[in-house]
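Colleague: File data.cif below, mmCIF, C-alpha atoms and all ligand atoms:
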data_protein
#
loop_
_atom_site.label_atom_id
_atom_site.label_comp_id
_atom_site.auth_asym_id
_atom_site.auth_seq_id
_atom_site.Cartn_x
_atom_site.Cartn_y
_atom_site.Cartn_z
CA MET A 1 -3.40 -24.19 3.13
CA SER A 2 -3.43 -21.23 5.50
CA GLU A 3 -6.08 -23.04 7.52
CA GLY A 4 -3.69 -25.97 7.91
CA ARG A 5 -0.95 -23.60 8.98
CA SER A 6 -3.05 -21.93 11.65
CA ARG A 7 -4.30 -25.30 12.94
CA ARG A 8 -0.72 -26.49 13.32
CA SER A 9 0.35 -23.33 15.13
CA LEU A 10 -2.69 -23.50 17.41
CA SER A 11 -1.99 -27.11 18.37
CA THR A 12 1.59 -26.05 19.07
CA SER A 13 0.21 -23.28 21.30
CA ALA A 14 -1.99 -25.83 23.07
CA MET A 15 1.05 -28.02 23.74
CA VAL A 16 2.92 -25.02 25.12
CA VAL A 17 0.01 -24.33 27.49
CA VAL A 18 -0.11 -27.95 28.63
CA ALA A 19 3.63 -27.83 29.34
CA LEU A 20 3.22 -24.48 31.11
CA VAL A 21 0.35 -25.86 33.19
CA ALA A 22 2.54 -28.75 34.34
CA VAL A 23 5.42 -26.43 35.27
CA LEU A 24 3.17 -23.91 37.04
CA ALA A 25 1.24 -26.64 38.84
CA SER A 26 4.51 -28.08 40.11
CA LEU A 27 5.28 -24.60 41.45
CA GLY A 28 1.90 -24.45 43.20
CA VAL A 29 0.31 -21.85 40.94
CA SER A 30 -3.47 -21.77 41.26
CA VAL A 31 -5.86 -23.39 38.81
CA ALA A 32 -7.44 -19.97 38.11
CA VAL A 33 -4.14 -18.55 36.80
CA VAL A 34 -3.59 -21.65 34.68
CA SER A 35 -7.09 -21.58 33.19
CA GLY A 36 -6.61 -17.84 32.54
CA LEU A 37 -3.59 -18.70 30.39
CA ALA A 38 -5.61 -21.29 28.49
CA GLY A 39 -8.32 -18.64 27.99
CA GLY A 40 -5.71 -16.32 26.51
CA VAL A 41 -4.85 -18.88 23.87
CA ARG A 42 -8.54 -19.47 23.14
CA ALA A 43 -9.03 -15.71 22.73
CA VAL A 44 -6.29 -15.59 20.10
CA ALA A 45 -7.88 -18.53 18.27
CA ASP A 46 -11.26 -16.79 18.39
CA ARG A 47 -9.75 -13.59 17.06
CA LEU A 48 -8.21 -15.49 14.12
CA LYS A 49 -11.58 -17.08 13.37
CA ALA A 50 -13.28 -13.68 13.68
CA THR A 51 -10.98 -12.02 11.10
CA PRO A 52 -13.48 -10.65 8.60
CA PRO A 53 -13.34 -12.07 5.08
CA ALA A 54 -12.50 -9.78 2.19
CA VAL A 55 -15.24 -7.26 1.49
CA VAL A 56 -17.54 -8.31 -1.34
CA ALA A 57 -17.72 -5.96 -4.34
CA ASN A 58 -20.75 -3.65 -4.11
CA HIS A 59 -21.09 -2.84 -7.85
CA VAL A 60 -20.45 0.86 -7.21
CA THR A 61 -17.68 2.42 -9.31
CA VAL A 62 -15.93 5.60 -8.21
CA THR A 63 -13.07 7.54 -9.76
CA ARG A 64 -10.15 9.07 -7.88
CA SER A 65 -7.89 11.36 -9.92
CA MET A 66 -4.46 12.60 -9.00
CA ASP A 67 -2.03 14.85 -10.89
CA LEU A 68 1.68 14.40 -10.44
CA LEU A 69 3.28 17.82 -10.66
CA THR A 70 6.83 18.93 -11.35
CA GLU A 71 8.68 21.43 -9.16
CA ASP A 72 8.06 24.15 -11.77
CA GLN A 73 4.32 23.53 -11.69
CA GLU A 74 4.33 23.63 -7.90
CA ALA A 75 6.13 26.99 -8.02
CA ALA A 76 3.67 28.30 -10.64
CA ARG A 77 0.77 27.28 -8.39
CA HIS A 78 2.44 28.86 -5.34
CA ILE A 79 2.40 25.54 -3.49
CA VAL A 80 4.38 25.98 -0.31
CA THR A 81 6.71 23.07 0.34
CA PRO A 82 7.93 22.17 3.82
CA TYR A 83 11.53 22.81 2.74
CA GLY A 84 11.43 25.72 0.32
CA ALA A 85 11.45 25.84 -3.48
CA GLY A 86 12.64 23.02 -5.71
CA PHE A 87 11.59 20.41 -3.20
CA GLY A 88 10.56 17.72 -5.65
CA PRO A 89 7.62 16.27 -7.56
CA MET A 90 4.27 15.94 -5.79
CA TYR A 91 0.94 14.17 -6.17
CA THR A 92 -2.16 16.35 -5.88
CA ASN A 93 -5.26 14.97 -4.14
CA ALA A 94 -2.90 12.75 -2.18
CA ASP A 95 -5.37 11.71 0.51
CA TRP A 96 -8.68 10.12 -0.46
CA SER A 97 -11.25 7.65 0.74
CA VAL A 98 -13.70 5.18 -0.77
CA GLN A 99 -16.41 2.88 0.53
CA ALA A 100 -15.57 -0.75 1.20
CA GLY A 101 -16.49 -2.86 -1.82
CA ASP A 102 -16.21 0.02 -4.30
CA THR A 103 -14.57 -0.55 -7.65
CA VAL A 104 -12.09 2.31 -7.81
CA ILE A 105 -10.82 3.81 -11.05
CA VAL A 106 -7.47 5.45 -10.22
CA LYS A 107 -6.39 8.05 -12.77
CA ILE A 108 -2.91 9.51 -12.45
CA ARG A 109 -1.78 12.21 -14.86
CA SER A 110 1.94 12.78 -14.51
CA TYR A 111 3.88 15.71 -15.94
CA ASP A 112 7.24 14.48 -14.63
CA ASP A 113 9.56 13.65 -17.53
CA GLY A 114 12.48 12.47 -15.40
CA PRO A 115 12.80 8.68 -14.97
CA ALA A 116 13.90 7.33 -11.57
CA PRO A 117 14.49 3.60 -12.19
CA LEU A 118 13.71 1.32 -9.27
CA MET A 119 16.64 -0.10 -7.35
CA GLY A 120 17.40 -3.24 -5.35
CA VAL A 121 14.49 -4.98 -3.64
CA GLN A 122 12.16 -2.26 -4.94
CA MET A 123 12.67 -3.34 -8.54
CA MET A 124 9.57 -5.55 -8.23
CA TYR A 125 7.47 -2.36 -8.24
CA ASP A 126 7.78 -2.09 -12.01
CA ASN A 127 4.97 -4.69 -12.15
CA VAL A 128 1.31 -3.74 -11.97
CA GLU A 129 -0.21 -5.49 -8.93
CA GLY A 130 -3.61 -5.74 -7.31
CA THR A 131 -5.66 -4.25 -10.14
CA ILE A 132 -8.52 -5.86 -12.04
CA GLY A 133 -6.84 -8.06 -14.64
CA GLY A 134 -3.40 -7.22 -13.21
CA VAL A 135 -3.11 -4.39 -15.71
CA GLU A 136 -3.08 -0.61 -16.00
CA THR A 137 -3.32 1.55 -19.09
CA VAL A 138 -0.58 3.99 -20.06
CA ASP A 139 -2.06 6.58 -22.44
CA GLY A 140 -4.72 4.02 -23.28
CA LYS A 141 -2.33 1.10 -23.88
CA VAL A 142 -2.88 -1.93 -21.64
CA VAL A 143 0.31 -3.01 -19.83
CA HIS A 144 1.27 -5.48 -17.10
CA SER A 145 4.45 -3.59 -16.22
CA VAL A 146 6.55 -0.57 -17.12
CA PRO A 147 10.20 -1.07 -18.20
CA ASN A 148 12.31 -0.20 -15.19
CA ALA A 149 14.38 2.34 -17.14
CA ASP A 150 11.16 4.28 -17.84
CA VAL A 151 9.72 4.26 -14.31
CA ALA A 152 9.47 7.75 -12.81
CA HIS A 153 7.20 7.05 -9.80
CA THR A 154 4.96 4.40 -8.35
CA PHE A 155 1.61 4.60 -6.61
CA THR A 156 1.89 1.76 -4.13
CA VAL A 157 -0.60 0.85 -1.39
CA VAL A 158 1.09 -2.09 0.35
CA GLY A 159 -1.90 -2.69 2.64
CA LEU A 160 -4.18 -3.19 -0.37
CA GLY A 161 -1.62 -5.10 -2.43
CA LEU A 162 -1.86 -2.35 -5.05
CA ASN A 163 1.02 -1.15 -7.20
CA LEU A 164 0.90 1.15 -10.23
CA PRO A 165 4.21 2.00 -11.92
CA ILE A 166 4.17 5.47 -13.51
CA PRO A 167 6.45 6.00 -16.51
CA ALA A 168 8.20 9.28 -17.26
CA ALA A 169 6.10 11.65 -19.36
CA PRO A 170 7.21 12.84 -22.79
CA THR A 171 9.01 16.19 -22.26
CA GLY A 172 6.55 19.06 -22.09
CA LYS A 173 3.57 16.70 -22.10
CA PHE A 174 1.91 14.36 -19.64
CA VAL A 175 1.29 10.64 -19.37
CA THR A 176 -1.97 9.19 -18.05
CA VAL A 177 -2.06 5.96 -16.07
CA VAL A 178 -5.45 4.41 -15.33
CA ALA A 179 -6.21 1.25 -13.35
CA ARG A 180 -9.18 -0.33 -11.63
CA PHE A 181 -9.20 -2.18 -8.33
CA VAL A 182 -11.78 -3.39 -5.84
CA ALA A 183 -11.37 -1.85 -2.38
CA ASP A 184 -11.81 -5.21 -0.67
CA ARG A 185 -10.20 -4.50 2.70
CA VAL A 186 -11.35 -2.01 5.31
CA GLY A 187 -8.73 0.21 6.89
CA ASP A 188 -6.66 3.38 6.71
CA PHE A 189 -3.80 2.64 4.33
CA THR A 190 -0.67 4.60 3.49
CA TRP A 191 0.46 4.85 -0.11
CA GLN A 192 4.04 5.54 -1.06
CA CYS A 193 6.13 6.07 -4.18
CA TYR A 194 8.93 3.51 -4.36
CA ALA A 195 10.89 5.05 -7.25
CA PRO A 196 13.94 6.95 -5.96
CA CYS A 197 12.57 10.28 -7.21
CA GLY A 198 13.57 12.31 -4.15
CA SER A 199 16.72 13.98 -2.99
CA GLY A 200 19.85 12.61 -1.37
CA ALA A 201 22.34 10.04 -2.60
CA ASN A 202 19.77 7.25 -2.88
CA GLY A 203 16.88 9.44 -4.05
CA MET A 204 14.76 8.41 -1.09
CA GLY A 205 15.00 11.72 0.82
CA GLY A 206 13.01 14.95 0.61
CA PRO A 207 9.54 14.45 -0.89
CA MET A 208 9.71 10.67 -0.48
CA ALA A 209 8.90 10.93 3.21
CA VAL A 210 6.51 13.88 3.13
CA ASP A 211 2.74 13.57 3.15
CA ARG A 212 1.15 14.85 -0.09
CA TRP A 213 4.44 14.73 -1.99
CA MET A 214 5.38 11.07 -2.39
CA GLU A 215 3.12 9.53 0.22
CA GLY A 216 -0.48 9.87 1.32
CA LYS A 217 -3.55 8.06 2.61
CA VAL A 218 -6.17 5.81 1.10
CA ASP A 219 -8.97 5.11 3.55
CA VAL A 220 -11.46 2.31 2.89
CA ARG A 221 -14.49 2.80 5.14
CU CU A 301 8.00 9.40 -6.81
#
Please re-express this file's structure in structure tokens.

Modeller:
Amino acid sequence: MSEGRSRRSLSTSAMVVVALVAVLASLGVSVAVVSGLAGGVRAVADRLKATPPAVVANHVTVTRSMDLLTEDQEAARHIVTPYGAGFGPMYTNADWSVQAGDTVIVKIRSYDDGPAPLMGVQMMYDNVEGTIGGVETVDGKVVHSVPNADVAHTFTVVGLGLNLPIPAAPTGKFVTVVARFVADRVGDFTWQCYAPCGSGANGMGGPMAVDRWMEGKVDVR
């Protein structure tokens, strides 16, 4: 299907070049310039063909664990926020890397008991996406999604098609979310929380835009 799409768009590009050649030739533009343009289109086609396929699983399993701390825990641990005390919840171990092809077990232990239901176009992030089996476990229970009213955070890596909704923890306790995915694309990817858990009228301010609080990096090498 995608092959058909790219073939159509390439033949459209070829027609554009032919038309361009005719126009430029009528203006007396040299053959070298015209063939250079055609080469440009060929280079794009070659690049599309050269796009590497998804990385094949390498049968190595690694675990990456993150804790999601409350403001009180941050204060107790003397974690300095960019904007003073009471800044907002944060993920620990926010930046990590794995090898291409690894099966990654992501473990997130969240102490945050305050739900921040998803809003608008972000409501789709209550579904688990991109994991093995399309599921995660919440305190050991296998789920495909988390009820929106219970969502407190998400761990979302758009570039890897990965989304883990994190429910609010029982007060004074923690909730553990575990999921497995295959790191099948090479690159440096940004993860982000899409629940409006931050400050400001829409909850998208403060920690939502700060590295190590509600965003970080997943590098697949
Ligand atoms: Cu969040």

Colleague: With a distance cut-off of 12 Å and all atoms listed in the file, select the neighbouring residues of segment 79-86 of chain A, excluding the residue or stretch itself and same-chain residues fewer than 5 positions from it, and output the selection as an NGL selection string.

Modeller: :A and (69-74 or 91-92 or 198-199 or 205-207 or 209-213)

Colleague: Of the residues A:Val157, A:Val177, A:Gly101, A:His78, which is the one nearest to Glu215 of chain A, using all atoms listed in the file?

Modeller: A:Val157

Colleague: Counting only C-alpha atoms, which residues sit no farther than 12 Å from the position (0.5, 0.1, -11.8) in the file's frame? I'd like them as an MDAnalysis selection string.

Modeller: chainID A and resid 105:108 124:138 142:147 151:157 161:167 176:181 193:194

Colleague: Choose the residue, out of A:Phe189, A:Ala75, A:Ala201, A:Gly114, that has the smallest atom-to-atom separation from Val158 of chain A; count all atoms listed in the file.

Modeller: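 When distances to Val158 of chain A are compared using all atoms listed in the file, the smallest one comes from A:Phe189.
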
Colleague: I'd like to know which of A:Met119, A:Val182, A:Val62, A:Ala94 is closest to Asn202 of chain A, using only C-alpha atoms.

Modeller: A:Met119

Colleague: To one decimal place, how far is atom CA of Ala195 of chain A from atom CA of Pro89 of chain A in Å?

Modeller: 11.7 Å

Colleague: Between atom CA of Lys217 of chain A and atom CA of Ser97 of chain A, what is the distance, to one decimal in Å?

Modeller: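 Atom CA of Ser97 of chain A lies 7.9 Å from atom CA of Lys217 of chain A.
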
Colleague: Separation of atom CA of Leu160 of chain A and atom CA of Arg64 of chain A, in Å?

Modeller: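 Here the two named atoms are 15.6 Å from each other.
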
Colleague: Neighbouring residues of Ala183 of chain A were defined as those with any atom within 7 Å, considering all atoms listed in the file; residues of the same chain fewer than 6 positions away were excluded. Please report them as a VMD selection string.

Modeller: chain A and resid 100 to 104 220

Colleague: Please write as a PyMOL selection string the list of polymer residues whose atoms come within 9 Å of (-13.9, -9.6, -2.5), counting all atoms listed in the file and keeping to the coordinates of the file.

Modeller: chain A and resi 53-57+101+182-185

Colleague: So, with all atoms listed in the file as the atoms that count, which of A:Met66, A:Val186, A:Val60, A:Met204 lies closest to ligand CU 301 (chain A)?

Modeller: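 Ranked by minimum distance to ligand CU 301 (chain A), first place goes to A:Met204.
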
Colleague: Between A:Ala169, A:Leu68, A:Val218, A:Cys197, which has the minimum distance to ligand CU 301 (chain A) (counting all atoms listed in the file)?

Modeller: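 The answer is A:Cys197, which sits nearest to ligand CU 301 (chain A).
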
Colleague: Between A:Ala116, A:Ala76, A:Val175, A:Ala149, which residue has the minimum interatomic distance to ligand CU 301 (chain A), considering only C-alpha atoms and all ligand atoms?

Modeller: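 Ranked by minimum distance to ligand CU 301 (chain A), first place goes to A:Ala116.
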
Colleague: Skip Lys173 of chain A itself and residues of its chain fewer than 4 positions away, then list as a list in words all residues within 9 Å of it, counting only C-alpha atoms.

Modeller: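 Listed by chain and then number, they are Ser110, Tyr111, Asp112, Asp113 and Ala169 of chain A.
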
Colleague: For the residues in that selection, give me C-alpha atoms as a PDB file, keeping the file's coordinate frame.

Modeller:
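Once written, part-v4.pdb looks like this:
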ATOM      1  CA  SER A 110       1.940  12.780 -14.510  1.00  0.00           C
ATOM      2  CA  TYR A 111       3.880  15.710 -15.940  1.00  0.00           C
ATOM      3  CA  ASP A 112       7.240  14.480 -14.630  1.00  0.00           C
ATOM      4  CA  ASP A 113       9.560  13.650 -17.530  1.00  0.00           C
ATOM      5  CA  ALA A 169       6.100  11.650 -19.360  1.00  0.00           C
TER       6      ALA A 169
END
